[in-house]
Amino acid sequence: MLRNLLILRADKGPARVFLIGFLFTGLFIAMIGRLIWLGSGGQPQTLRMAVSPSISIARPDIVDRNGILLASDVKSFSVFAEPRKILDPDEAAELISAVLPDLDAVQLRDKMRNGRGFAWIKREISPREYQEVFRLGIPGIGFLPENKRIYPNGPAAAHVLGAVNFDNEGISGLEKYLDGAGLQDLNGAGFATNSSVLAPVELSIDLKAQQVLRDELTKAVTKFAAKAAAGVVLDVSNGEIIALVSLPDFDPNIPADALKPDRINRINVGVYEMGSTFKALTTAMALDSGRFTIHSQLDATQSLRFGRFRINDYRGQNRFLTVPESFIHSSNIAMAKMAMTLGPEYHQAFLRKMGQFERLRTELPESAAPLVPSKWGEINTATIAFGHGIAVAPLQATMAVAALLNGGKLIKPTFLKNSVLSDRILASDVISPQTGEAMRFLMRLNAEKGSAAKASIPGYFIGGKTGTAEKVVDGRYASNKLLTAFMGVVPADNPKYLFLTILDEPQPLPETYGFATSGWNAVPVTGAIMERMLPLLGHPPRFENPVQPFPVMARLGAWGTMQ
């Protein structure tokens, strides 16, 4: 029996050793797993619940049409506290305040004492701040990795790019558009955690052109003591926006500045009476109707009267004017008579067809609805014919004028390179080819003999239409507060780019002989922009004018319509 017992013990010995070894191995694996979890950033449940899920959002790079970086993510850290684990809140607050002096010491001490599971100390700290806080070695103080958005060109394309918040979520501009276009969904599915896996977003914007536009507008604001300025350059063939600037602007690296009320995007969000630039639409409407030809004459000898209200010409010719003369002399009377001949219903239908009655929506979330009269009578048609009485976003007006120049296609503008054109054609053949050639001819004529002459730079066959509108102050038009604008097309015989420049309340100068109208400020500013920008866009000057640029107008003897 003793022998059997000894044999039995001998038989059970290896099994017990194996069991003990198995238990120790399992315990060791569990400890290793715990260490790995902690080392990989595992946090207590309270911390996971306190931190927003969007903290790990990564955003794709944004580049201009030539691949130049406009926006990118860099890795950053934010420092947090777990107050329940802090042994001496006062000492911890004092030490952290010493290395992060921009923090409010009283608020920091309150955070340390509140006994909660989690509290932010500072978001997106610098590498130096990270090292200094880390060296303090305070229990209950930790760091979380984050993606910080940077804009290496500062304010260069601020209103296009927009900005992001502390959680790297888009709050305006194309940054907000990207979130709505699928970036938030990718993040929710766990795919947007590293910007390297996201393809760059290519914009239609050209950074070099953007810099030129901003520089010239900045100089114009200073020179003419203007309240603000804005400009846009549009490719009329496909609706791509090459440059857009609105001043004052902001640095998207400091997104709080974008909230200041004077930092709006005046091209997309502002709505303005566009003044005589609207006469391009009125003239096109009249010619396309068949009721008027390039030889038609209009009586501009006397003012138009509507009760006590009169319509006059700024610098009246006091005679009958042909359609080309009405255009280059910018006759309010002639434009009103053309529109009134066609009637309010026809006028409304044409402007609606040209996209002037509905809010223009692009990739930018920010937009504004036009201000259209609720009741439209003959006097509305008369005033809107020369650009008063209706207020639209400047980009909206630019889109319509582009359709007059590109063969009659109304194309919704885009900020994305190679955006599908067919998806953005809102209407085709909005005017006839003959009307289109007539408008190119008239805009060229205006640069040769009319108010656009100061933009006629050597080597470029430009055309254009000026606009000067009195601003409404306390319900009345103020003759001393002007919004000046100029739309210039290059080249006028085969349009490629449409330039719009706007100056808000420019002041007269001795060199402008006391005038503050568009021809003295917005026009030469646009000429300077064109002269610098066009070579950068691959359009060097040509010093020989095109042969027979307007063949239909030549056959009709359009040049002979001028006195």
# chains A, B, ... in the order shown; residues from 1 in each chain; ligands from 1
call {"tool": "residues_around", "arguments": {"residues": "segment 136-151 of chain A", "least_positions_apart": "2", "cutoff": "6 Å", "atoms": "only C-alpha atoms", "output": "PDB file with all heavy atoms, in the first residue's frame"}}
result
ATOM      1  N   SER A  56      -9.097  62.567 -32.633  1.00  0.00           N
ATOM      2  CA  SER A  56      -8.133  61.880 -33.486  1.00  0.00           C
ATOM      3  C   SER A  56      -8.360  62.157 -34.970  1.00  0.00           C
ATOM      4  O   SER A  56      -7.749  61.513 -35.809  1.00  0.00           O
ATOM      5  CB  SER A  56      -8.214  60.366 -33.244  1.00  0.00           C
ATOM      6  OG  SER A  56      -9.514  59.885 -33.554  1.00  0.00           O
ATOM      7  N   LEU A  70      -1.230  74.169 -49.132  1.00  0.00           N
ATOM      8  CA  LEU A  70      -2.010  75.255 -48.540  1.00  0.00           C
ATOM      9  C   LEU A  70      -2.437  74.948 -47.108  1.00  0.00           C
ATOM     10  O   LEU A  70      -2.591  75.866 -46.297  1.00  0.00           O
ATOM     11  CB  LEU A  70      -3.261  75.532 -49.383  1.00  0.00           C
ATOM     12  CG  LEU A  70      -3.040  75.946 -50.834  1.00  0.00           C
ATOM     13  CD1 LEU A  70      -4.375  76.098 -51.548  1.00  0.00           C
ATOM     14  CD2 LEU A  70      -2.240  77.232 -50.916  1.00  0.00           C
ATOM     15  N   ALA A  71      -2.652  73.669 -46.795  1.00  0.00           N
ATOM     16  CA  ALA A  71      -3.069  73.272 -45.442  1.00  0.00           C
ATOM     17  C   ALA A  71      -2.616  71.844 -45.197  1.00  0.00           C
ATOM     18  O   ALA A  71      -2.634  71.007 -46.110  1.00  0.00           O
ATOM     19  CB  ALA A  71      -4.585  73.381 -45.276  1.00  0.00           C
ATOM     20  N   SER A  72      -2.198  71.569 -43.947  1.00  0.00           N
ATOM     21  CA  SER A  72      -1.705  70.237 -43.621  1.00  0.00           C
ATOM     22  C   SER A  72      -1.843  69.995 -42.121  1.00  0.00           C
ATOM     23  O   SER A  72      -2.024  70.933 -41.337  1.00  0.00           O
ATOM     24  CB  SER A  72      -0.238  70.087 -44.037  1.00  0.00           C
ATOM     25  OG  SER A  72       0.212  68.756 -43.873  1.00  0.00           O
ATOM     26  N   ASP A  73      -1.760  68.724 -41.733  1.00  0.00           N
ATOM     27  CA  ASP A  73      -1.767  68.333 -40.325  1.00  0.00           C
ATOM     28  C   ASP A  73      -0.344  68.136 -39.823  1.00  0.00           C
ATOM     29  O   ASP A  73       0.517  67.643 -40.560  1.00  0.00           O
ATOM     30  CB  ASP A  73      -2.512  67.007 -40.124  1.00  0.00           C
ATOM     31  CG  ASP A  73      -4.017  67.182 -40.062  1.00  0.00           C
ATOM     32  OD1 ASP A  73      -4.486  68.336 -40.123  1.00  0.00           O
ATOM     33  OD2 ASP A  73      -4.725  66.165 -39.962  1.00  0.00           O
ATOM     34  N   VAL A  74      -0.107  68.529 -38.579  1.00  0.00           N
ATOM     35  CA  VAL A  74       1.122  68.159 -37.883  1.00  0.00           C
ATOM     36  C   VAL A  74       0.729  67.524 -36.561  1.00  0.00           C
ATOM     37  O   VAL A  74      -0.352  67.797 -36.026  1.00  0.00           O
ATOM     38  CB  VAL A  74       2.042  69.378 -37.628  1.00  0.00           C
ATOM     39  CG1 VAL A  74       2.517  69.970 -38.934  1.00  0.00           C
ATOM     40  CG2 VAL A  74       1.342  70.431 -36.787  1.00  0.00           C
ATOM     41  N   LYS A  75       1.584  66.669 -36.063  1.00  0.00           N
ATOM     42  CA  LYS A  75       1.296  66.004 -34.796  1.00  0.00           C
ATOM     43  C   LYS A  75       1.543  66.969 -33.645  1.00  0.00           C
ATOM     44  O   LYS A  75       2.523  67.702 -33.620  1.00  0.00           O
ATOM     45  CB  LYS A  75       2.166  64.752 -34.637  1.00  0.00           C
ATOM     46  CG  LYS A  75       1.832  63.646 -35.626  1.00  0.00           C
ATOM     47  CD  LYS A  75       0.379  63.219 -35.526  1.00  0.00           C
ATOM     48  CE  LYS A  75       0.032  62.138 -36.553  1.00  0.00           C
ATOM     49  NZ  LYS A  75      -1.399  61.781 -36.481  1.00  0.00           N
ATOM     50  N   SER A  76       0.642  66.945 -32.703  1.00  0.00           N
ATOM     51  CA  SER A  76       0.722  67.821 -31.557  1.00  0.00           C
ATOM     52  C   SER A  76       0.262  67.049 -30.323  1.00  0.00           C
ATOM     53  O   SER A  76      -0.181  65.904 -30.424  1.00  0.00           O
ATOM     54  CB  SER A  76      -0.152  69.060 -31.778  1.00  0.00           C
ATOM     55  OG  SER A  76      -0.117  69.914 -30.665  1.00  0.00           O
ATOM     56  N   PHE A  77       0.381  67.670 -29.155  1.00  0.00           N
ATOM     57  CA  PHE A  77      -0.082  67.073 -27.901  1.00  0.00           C
ATOM     58  C   PHE A  77      -0.918  68.090 -27.144  1.00  0.00           C
ATOM     59  O   PHE A  77      -0.715  69.303 -27.250  1.00  0.00           O
ATOM     60  CB  PHE A  77       1.097  66.629 -27.023  1.00  0.00           C
ATOM     61  CG  PHE A  77       1.742  65.357 -27.475  1.00  0.00           C
ATOM     62  CD1 PHE A  77       2.823  65.395 -28.344  1.00  0.00           C
ATOM     63  CD2 PHE A  77       1.273  64.127 -27.044  1.00  0.00           C
ATOM     64  CE1 PHE A  77       3.427  64.233 -28.772  1.00  0.00           C
ATOM     65  CE2 PHE A  77       1.879  62.953 -27.464  1.00  0.00           C
ATOM     66  CZ  PHE A  77       2.958  63.006 -28.333  1.00  0.00           C
ATOM     67  N   SER A  78      -1.854  67.561 -26.382  1.00  0.00           N
ATOM     68  CA  SER A  78      -2.601  68.379 -25.423  1.00  0.00           C
ATOM     69  C   SER A  78      -2.374  67.794 -24.040  1.00  0.00           C
ATOM     70  O   SER A  78      -2.249  66.574 -23.879  1.00  0.00           O
ATOM     71  CB  SER A  78      -4.089  68.383 -25.758  1.00  0.00           C
ATOM     72  OG  SER A  78      -4.334  69.096 -26.951  1.00  0.00           O
ATOM     73  N   VAL A  79      -2.306  68.660 -23.054  1.00  0.00           N
ATOM     74  CA  VAL A  79      -2.043  68.202 -21.684  1.00  0.00           C
ATOM     75  C   VAL A  79      -3.360  68.237 -20.896  1.00  0.00           C
ATOM     76  O   VAL A  79      -4.146  69.165 -21.019  1.00  0.00           O
ATOM     77  CB  VAL A  79      -0.952  69.059 -21.002  1.00  0.00           C
ATOM     78  CG1 VAL A  79      -1.335  70.527 -20.975  1.00  0.00           C
ATOM     79  CG2 VAL A  79      -0.655  68.564 -19.601  1.00  0.00           C
ATOM     80  N   PHE A  80      -3.587  67.172 -20.103  1.00  0.00           N
ATOM     81  CA  PHE A  80      -4.812  67.065 -19.329  1.00  0.00           C
ATOM     82  C   PHE A  80      -4.472  66.676 -17.888  1.00  0.00           C
ATOM     83  O   PHE A  80      -3.340  66.277 -17.569  1.00  0.00           O
ATOM     84  CB  PHE A  80      -5.762  66.031 -19.938  1.00  0.00           C
ATOM     85  CG  PHE A  80      -5.256  64.618 -19.862  1.00  0.00           C
ATOM     86  CD1 PHE A  80      -5.538  63.801 -18.762  1.00  0.00           C
ATOM     87  CD2 PHE A  80      -4.491  64.087 -20.899  1.00  0.00           C
ATOM     88  CE1 PHE A  80      -5.072  62.495 -18.694  1.00  0.00           C
ATOM     89  CE2 PHE A  80      -4.016  62.778 -20.832  1.00  0.00           C
ATOM     90  CZ  PHE A  80      -4.305  61.987 -19.723  1.00  0.00           C
ATOM     91  N   ALA A  81      -5.453  66.780 -17.026  1.00  0.00           N
ATOM     92  CA  ALA A  81      -5.303  66.381 -15.625  1.00  0.00           C
ATOM     93  C   ALA A  81      -6.401  65.405 -15.260  1.00  0.00           C
ATOM     94  O   ALA A  81      -7.516  65.467 -15.788  1.00  0.00           O
ATOM     95  CB  ALA A  81      -5.362  67.613 -14.713  1.00  0.00           C
ATOM     96  N   GLU A  82      -6.067  64.484 -14.354  1.00  0.00           N
ATOM     97  CA  GLU A  82      -7.062  63.634 -13.685  1.00  0.00           C
ATOM     98  C   GLU A  82      -7.057  64.052 -12.214  1.00  0.00           C
ATOM     99  O   GLU A  82      -6.280  63.520 -11.404  1.00  0.00           O
ATOM    100  CB  GLU A  82      -6.688  62.172 -13.851  1.00  0.00           C
ATOM    101  CG  GLU A  82      -6.765  61.697 -15.301  1.00  0.00           C
ATOM    102  CD  GLU A  82      -6.378  60.239 -15.453  1.00  0.00           C
ATOM    103  OE1 GLU A  82      -7.255  59.363 -15.279  1.00  0.00           O
ATOM    104  OE2 GLU A  82      -5.187  59.973 -15.702  1.00  0.00           O
ATOM    105  N   LYS A  85      -6.447  61.954  -9.052  1.00  0.00           N
ATOM    106  CA  LYS A  85      -5.156  61.308  -8.832  1.00  0.00           C
ATOM    107  C   LYS A  85      -4.067  62.287  -8.412  1.00  0.00           C
ATOM    108  O   LYS A  85      -2.925  61.875  -8.191  1.00  0.00           O
ATOM    109  CB  LYS A  85      -4.722  60.575 -10.105  1.00  0.00           C
ATOM    110  CG  LYS A  85      -5.666  59.455 -10.513  1.00  0.00           C
ATOM    111  CD  LYS A  85      -5.140  58.742 -11.745  1.00  0.00           C
ATOM    112  CE  LYS A  85      -6.054  57.585 -12.160  1.00  0.00           C
ATOM    113  NZ  LYS A  85      -5.547  56.893 -13.369  1.00  0.00           N
ATOM    114  N   ILE A  86      -4.384  63.562  -8.345  1.00  0.00           N
ATOM    115  CA  ILE A  86      -3.377  64.574  -7.990  1.00  0.00           C
ATOM    116  C   ILE A  86      -3.274  64.670  -6.472  1.00  0.00           C
ATOM    117  O   ILE A  86      -4.257  64.954  -5.783  1.00  0.00           O
ATOM    118  CB  ILE A  86      -3.739  65.935  -8.614  1.00  0.00           C
ATOM    119  CG1 ILE A  86      -3.678  65.829 -10.145  1.00  0.00           C
ATOM    120  CG2 ILE A  86      -2.787  67.018  -8.127  1.00  0.00           C
ATOM    121  CD1 ILE A  86      -4.101  67.076 -10.870  1.00  0.00           C
ATOM    122  N   VAL A 133       6.480  70.321 -19.217  1.00  0.00           N
ATOM    123  CA  VAL A 133       5.444  69.727 -18.365  1.00  0.00           C
ATOM    124  C   VAL A 133       5.805  68.277 -18.046  1.00  0.00           C
ATOM    125  O   VAL A 133       5.616  67.808 -16.918  1.00  0.00           O
ATOM    126  CB  VAL A 133       4.064  69.813 -19.050  1.00  0.00           C
ATOM    127  CG1 VAL A 133       3.002  69.076 -18.217  1.00  0.00           C
ATOM    128  CG2 VAL A 133       3.650  71.258 -19.250  1.00  0.00           C
ATOM    129  N   PHE A 134       6.346  67.565 -19.045  1.00  0.00           N
ATOM    130  CA  PHE A 134       6.726  66.169 -18.832  1.00  0.00           C
ATOM    131  C   PHE A 134       7.781  66.046 -17.732  1.00  0.00           C
ATOM    132  O   PHE A 134       7.719  65.140 -16.890  1.00  0.00           O
ATOM    133  CB  PHE A 134       7.258  65.590 -20.148  1.00  0.00           C
ATOM    134  CG  PHE A 134       7.680  64.153 -20.051  1.00  0.00           C
ATOM    135  CD1 PHE A 134       6.736  63.138 -20.101  1.00  0.00           C
ATOM    136  CD2 PHE A 134       9.022  63.810 -19.903  1.00  0.00           C
ATOM    137  CE1 PHE A 134       7.125  61.811 -19.999  1.00  0.00           C
ATOM    138  CE2 PHE A 134       9.410  62.493 -19.809  1.00  0.00           C
ATOM    139  CZ  PHE A 134       8.464  61.479 -19.861  1.00  0.00           C
ATOM    140  N   ASN A 153       0.836  79.404 -45.526  1.00  0.00           N
ATOM    141  CA  ASN A 153       0.841  80.685 -46.229  1.00  0.00           C
ATOM    142  C   ASN A 153       0.038  81.751 -45.505  1.00  0.00           C
ATOM    143  O   ASN A 153      -0.271  82.793 -46.089  1.00  0.00           O
ATOM    144  CB  ASN A 153       0.291  80.488 -47.645  1.00  0.00           C
ATOM    145  CG  ASN A 153       1.080  79.461 -48.417  1.00  0.00           C
ATOM    146  OD1 ASN A 153       2.224  79.687 -48.775  1.00  0.00           O
ATOM    147  ND2 ASN A 153       0.480  78.299 -48.642  1.00  0.00           N
ATOM    148  N   GLY A 154      -0.310  81.485 -44.256  1.00  0.00           N
ATOM    149  CA  GLY A 154      -1.033  82.476 -43.469  1.00  0.00           C
ATOM    150  C   GLY A 154      -2.344  82.866 -44.109  1.00  0.00           C
ATOM    151  O   GLY A 154      -3.140  82.009 -44.516  1.00  0.00           O
TER     152      GLY A 154
END
call {"tool": "residues_around", "arguments": {"residues": "Ala256 of chain A", "least_positions_apart": "4", "cutoff": "12 Å", "atoms": "only C-alpha atoms", "output": "PyMOL selection string"}}
result
chain A and resi 162-166+171-172+249-252+260-261+263
call {"tool": "write_last_selection", "arguments": {"atoms": "N, CA and C atoms", "output": "compact mmCIF listing (two decimals), in the first residue's frame"}}
result
# COMPACT_ATOMS: atom_id res chain seq x y z
N GLY A 162 -10.92 78.53 -45.16
CA GLY A 162 -11.69 78.50 -43.92
C GLY A 162 -10.80 78.19 -42.74
N ALA A 163 -11.34 77.49 -41.75
CA ALA A 163 -10.58 77.19 -40.53
C ALA A 163 -11.16 75.97 -39.85
N VAL A 164 -10.43 75.46 -38.83
CA VAL A 164 -10.88 74.32 -38.04
C VAL A 164 -10.88 74.71 -36.56
N ASN A 165 -11.58 73.92 -35.75
CA ASN A 165 -11.57 74.17 -34.31
C ASN A 165 -10.50 73.33 -33.63
N PHE A 166 -10.50 73.31 -32.28
CA PHE A 166 -9.47 72.58 -31.55
C PHE A 166 -9.53 71.07 -31.81
N ILE A 171 -14.83 74.38 -39.54
CA ILE A 171 -15.88 75.30 -39.07
C ILE A 171 -16.24 76.33 -40.13
N SER A 172 -15.48 76.42 -41.21
CA SER A 172 -15.82 77.36 -42.28
C SER A 172 -15.03 76.99 -43.52
N ASP A 249 -8.94 90.34 -44.27
CA ASP A 249 -9.04 88.90 -44.14
C ASP A 249 -8.51 88.47 -42.78
N PHE A 250 -8.10 87.22 -42.62
CA PHE A 250 -7.65 86.70 -41.34
C PHE A 250 -6.64 85.60 -41.58
N ASP A 251 -5.93 85.24 -40.53
CA ASP A 251 -4.99 84.13 -40.59
C ASP A 251 -5.70 82.88 -40.08
N PRO A 252 -5.91 81.86 -40.92
CA PRO A 252 -6.62 80.66 -40.46
C PRO A 252 -5.88 79.91 -39.35
N LYS A 260 -14.56 88.14 -36.49
CA LYS A 260 -14.76 89.59 -36.50
C LYS A 260 -15.70 89.98 -37.63
N PRO A 261 -16.65 90.88 -37.37
CA PRO A 261 -17.72 91.15 -38.35
C PRO A 261 -17.24 91.70 -39.69
N ARG A 263 -14.71 90.61 -41.34
CA ARG A 263 -13.88 89.61 -42.04
C ARG A 263 -14.71 88.69 -42.93
call {"tool": "closest_residue", "arguments": {"among": "A:Ala528, A:Ala225, A:Glu448, A:Ile457", "to": "Ala516 of chain A", "atoms": "only C-alpha atoms"}}
result
A:Ala225
call {"tool": "residues_around", "arguments": {"residues": "Gly231 of chain A", "least_positions_apart": "4", "cutoff": "10 Å", "atoms": "only C-alpha atoms", "output": "JSON, numbers by chain"}}
result
{"A": [210, 213, 214, 216, 217, 243, 244, 245, 246, 247, 266, 267, 394, 395, 485, 486, 487, 499, 500, 501, 502, 503, 526, 529]}
call {"tool": "select_by_dssp", "arguments": {"residues": "segment 247-493 of chain A", "states": "strand (DSSP E)", "output": "PyMOL selection string"}}
result
chain A and resi 247+297-299+304-306+309-311+320-322+410-411+425-427+463-473+476-490
call {"tool": "closest_residue", "arguments": {"among": "A:Ile241, A:Ile264, A:Val99, A:Val236", "to": "Ala492 of chain A", "atoms": "only C-alpha atoms"}}
result
A:Val236
call {"tool": "residues_around", "arguments": {"residues": "Ile96 of chain A", "least_positions_apart": "3", "cutoff": "9 Å", "atoms": "only C-alpha atoms", "output": "JSON list (two decimals) with C-alpha atoms, in the first residue's frame"}}
result
[["chain", "number", "residue", "atom", "x", "y", "z"],
["A", 91, "GLU", "CA", 1.57, 72.46, -5.78],
["A", 92, "ALA", "CA", 0.61, 70.94, -9.13],
["A", 93, "ALA", "CA", -1.13, 74.18, -10.19],
["A", 99, "VAL", "CA", 5.95, 76.44, -17.30],
["A", 100, "LEU", "CA", 2.65, 77.51, -18.92],
["A", 101, "PRO", "CA", 2.44, 81.17, -17.82],
["A", 103, "LEU", "CA", -2.83, 79.94, -18.20],
["A", 105, "ALA", "CA", -3.57, 80.35, -12.27],
["A", 108, "LEU", "CA", -6.04, 76.05, -13.08],
["A", 132, "GLU", "CA", 8.74, 71.15, -19.66],
["A", 133, "VAL", "CA", 5.44, 69.73, -18.36],
["A", 136, "LEU", "CA", 7.62, 68.02, -13.84]]
call {"tool": "closest_residue", "arguments": {"among": "A:Thr341, A:Asn268, A:Thr561, A:Ser276", "to": "Thr468 of chain A", "atoms": "only C-alpha atoms"}}
result
A:Ser276
call {"tool": "closest_residue", "arguments": {"among": "A:Tyr513, A:Phe278, A:Phe441, A:Phe415", "to": "Arg65 of chain A", "atoms": "only C-alpha atoms"}}
result
A:Phe415
call {"tool": "closest_residue", "arguments": {"among": "A:Leu360, A:Leu371, A:Met112, A:Val525", "to": "Leu95 of chain A", "atoms": "only C-alpha atoms"}}
result
A:Met112
call {"tool": "atom_distance", "arguments": {"atom1": "atom CA of Gly387 of chain A", "atom2": "atom CA of Gln317 of chain A"}}
result
19.7 Å
call {"tool": "closest_residue", "arguments": {"among": "A:Pro549, A:Glu544, A:Thr466, A:Arg424", "to": "Pro524 of chain A", "atoms": "only C-alpha atoms"}}
result
A:Thr466
call {"tool": "residues_around", "arguments": {"residues": "Thr381 of chain A", "least_positions_apart": "4", "cutoff": "9 Å", "atoms": "only C-alpha atoms", "output": "PyMOL selection string"}}
result
chain A and resi 336+339-340+343-344+347-348+376-377+385+389
call {"tool": "write_last_selection", "arguments": {"atoms": "all heavy atoms", "output": "PDB file, in the first residue's frame"}}
result
ATOM      1  N   ALA A 336     -32.333 101.935 -69.087  1.00  0.00           N
ATOM      2  CA  ALA A 336     -33.700 101.851 -68.567  1.00  0.00           C
ATOM      3  C   ALA A 336     -34.704 101.734 -69.711  1.00  0.00           C
ATOM      4  O   ALA A 336     -35.660 100.945 -69.638  1.00  0.00           O
ATOM      5  CB  ALA A 336     -33.994 103.070 -67.705  1.00  0.00           C
ATOM      6  N   ALA A 339     -34.725  98.173 -71.233  1.00  0.00           N
ATOM      7  CA  ALA A 339     -35.407  97.216 -70.363  1.00  0.00           C
ATOM      8  C   ALA A 339     -36.908  97.469 -70.323  1.00  0.00           C
ATOM      9  O   ALA A 339     -37.714  96.529 -70.334  1.00  0.00           O
ATOM     10  CB  ALA A 339     -34.810  97.286 -68.958  1.00  0.00           C
ATOM     11  N   MET A 340     -37.300  98.734 -70.272  1.00  0.00           N
ATOM     12  CA  MET A 340     -38.725  99.058 -70.221  1.00  0.00           C
ATOM     13  C   MET A 340     -39.426  98.673 -71.522  1.00  0.00           C
ATOM     14  O   MET A 340     -40.600  98.295 -71.513  1.00  0.00           O
ATOM     15  CB  MET A 340     -38.904 100.555 -69.946  1.00  0.00           C
ATOM     16  CG  MET A 340     -38.536 100.957 -68.522  1.00  0.00           C
ATOM     17  SD  MET A 340     -38.314 102.750 -68.338  1.00  0.00           S
ATOM     18  CE  MET A 340     -39.943 103.343 -68.772  1.00  0.00           C
ATOM     19  N   GLY A 343     -40.119  95.088 -71.040  1.00  0.00           N
ATOM     20  CA  GLY A 343     -41.120  94.895 -70.004  1.00  0.00           C
ATOM     21  C   GLY A 343     -40.605  94.143 -68.795  1.00  0.00           C
ATOM     22  O   GLY A 343     -39.645  93.367 -68.871  1.00  0.00           O
ATOM     23  N   PRO A 344     -41.267  94.353 -67.638  1.00  0.00           N
ATOM     24  CA  PRO A 344     -40.833  93.726 -66.379  1.00  0.00           C
ATOM     25  C   PRO A 344     -40.805  92.198 -66.426  1.00  0.00           C
ATOM     26  O   PRO A 344     -39.870  91.585 -65.902  1.00  0.00           O
ATOM     27  CB  PRO A 344     -41.868  94.229 -65.361  1.00  0.00           C
ATOM     28  CG  PRO A 344     -42.357  95.522 -65.931  1.00  0.00           C
ATOM     29  CD  PRO A 344     -42.360  95.324 -67.409  1.00  0.00           C
ATOM     30  N   HIS A 347     -37.832  91.042 -68.403  1.00  0.00           N
ATOM     31  CA  HIS A 347     -36.633  91.376 -67.644  1.00  0.00           C
ATOM     32  C   HIS A 347     -36.398  90.358 -66.523  1.00  0.00           C
ATOM     33  O   HIS A 347     -35.292  89.843 -66.344  1.00  0.00           O
ATOM     34  CB  HIS A 347     -36.792  92.788 -67.069  1.00  0.00           C
ATOM     35  CG  HIS A 347     -35.520  93.374 -66.541  1.00  0.00           C
ATOM     36  ND1 HIS A 347     -35.495  94.470 -65.711  1.00  0.00           N
ATOM     37  CD2 HIS A 347     -34.207  93.031 -66.722  1.00  0.00           C
ATOM     38  CE1 HIS A 347     -34.247  94.770 -65.408  1.00  0.00           C
ATOM     39  NE2 HIS A 347     -33.449  93.916 -66.001  1.00  0.00           N
ATOM     40  N   GLN A 348     -37.461  90.067 -65.776  1.00  0.00           N
ATOM     41  CA  GLN A 348     -37.340  89.091 -64.688  1.00  0.00           C
ATOM     42  C   GLN A 348     -36.949  87.715 -65.221  1.00  0.00           C
ATOM     43  O   GLN A 348     -36.100  87.031 -64.637  1.00  0.00           O
ATOM     44  CB  GLN A 348     -38.666  88.985 -63.940  1.00  0.00           C
ATOM     45  CG  GLN A 348     -39.025  90.196 -63.101  1.00  0.00           C
ATOM     46  CD  GLN A 348     -40.356  90.036 -62.419  1.00  0.00           C
ATOM     47  OE1 GLN A 348     -40.486  89.259 -61.462  1.00  0.00           O
ATOM     48  NE2 GLN A 348     -41.363  90.742 -62.901  1.00  0.00           N
ATOM     49  N   TRP A 376     -42.487  93.838 -58.470  1.00  0.00           N
ATOM     50  CA  TRP A 376     -41.621  94.273 -59.571  1.00  0.00           C
ATOM     51  C   TRP A 376     -42.465  95.032 -60.593  1.00  0.00           C
ATOM     52  O   TRP A 376     -43.238  94.443 -61.347  1.00  0.00           O
ATOM     53  CB  TRP A 376     -40.962  93.071 -60.224  1.00  0.00           C
ATOM     54  CG  TRP A 376     -39.832  93.368 -61.159  1.00  0.00           C
ATOM     55  CD1 TRP A 376     -39.868  94.151 -62.281  1.00  0.00           C
ATOM     56  CD2 TRP A 376     -38.500  92.875 -61.079  1.00  0.00           C
ATOM     57  NE1 TRP A 376     -38.648  94.176 -62.903  1.00  0.00           N
ATOM     58  CE2 TRP A 376     -37.782  93.392 -62.186  1.00  0.00           C
ATOM     59  CE3 TRP A 376     -37.839  92.041 -60.203  1.00  0.00           C
ATOM     60  CZ2 TRP A 376     -36.447  93.107 -62.437  1.00  0.00           C
ATOM     61  CZ3 TRP A 376     -36.499  91.751 -60.437  1.00  0.00           C
ATOM     62  CH2 TRP A 376     -35.810  92.281 -61.531  1.00  0.00           C
ATOM     63  N   GLY A 377     -42.315  96.332 -60.614  1.00  0.00           N
ATOM     64  CA  GLY A 377     -43.026  97.152 -61.574  1.00  0.00           C
ATOM     65  C   GLY A 377     -42.086  97.785 -62.572  1.00  0.00           C
ATOM     66  O   GLY A 377     -40.896  97.447 -62.649  1.00  0.00           O
ATOM     67  N   ALA A 385     -32.086  97.877 -64.449  1.00  0.00           N
ATOM     68  CA  ALA A 385     -31.382  97.884 -65.740  1.00  0.00           C
ATOM     69  C   ALA A 385     -29.998  98.489 -65.635  1.00  0.00           C
ATOM     70  O   ALA A 385     -29.085  98.106 -66.385  1.00  0.00           O
ATOM     71  CB  ALA A 385     -32.211  98.643 -66.779  1.00  0.00           C
ATOM     72  N   GLY A 389     -31.322  98.576 -57.156  1.00  0.00           N
ATOM     73  CA  GLY A 389     -32.624  97.990 -56.859  1.00  0.00           C
ATOM     74  C   GLY A 389     -32.612  96.482 -56.738  1.00  0.00           C
ATOM     75  O   GLY A 389     -33.627  95.872 -56.397  1.00  0.00           O
TER      76      GLY A 389
END
call {"tool": "select_by_dssp", "arguments": {"residues": "segment 341-418 of chain A", "states": "alpha helix (DSSP H)", "output": "PyMOL selection string"}}
result
chain A and resi 341-342+344-353+378-384+394-405
call {"tool": "residues_around", "arguments": {"residues": "Gly467 of chain A", "least_positions_apart": "6", "cutoff": "12 Å", "atoms": "only C-alpha atoms", "output": "VMD selection string"}}
result
chain A and resid 272 to 280 314 327 to 332 386 to 388 394 397 451 to 452 482 to 488 500 to 503 516 to 523
call {"tool": "residues_around", "arguments": {"residues": "Asn480 of chain A", "least_positions_apart": "4", "cutoff": "10 Å", "atoms": "only C-alpha atoms", "output": "VMD selection string"}}
result
chain A and resid 470 to 471 505 to 507 516
call {"tool": "atom_distance", "arguments": {"atom1": "atom CA of Leu405 of chain A", "atom2": "atom CA of Ser432 of chain A"}}
result
10.9 Å
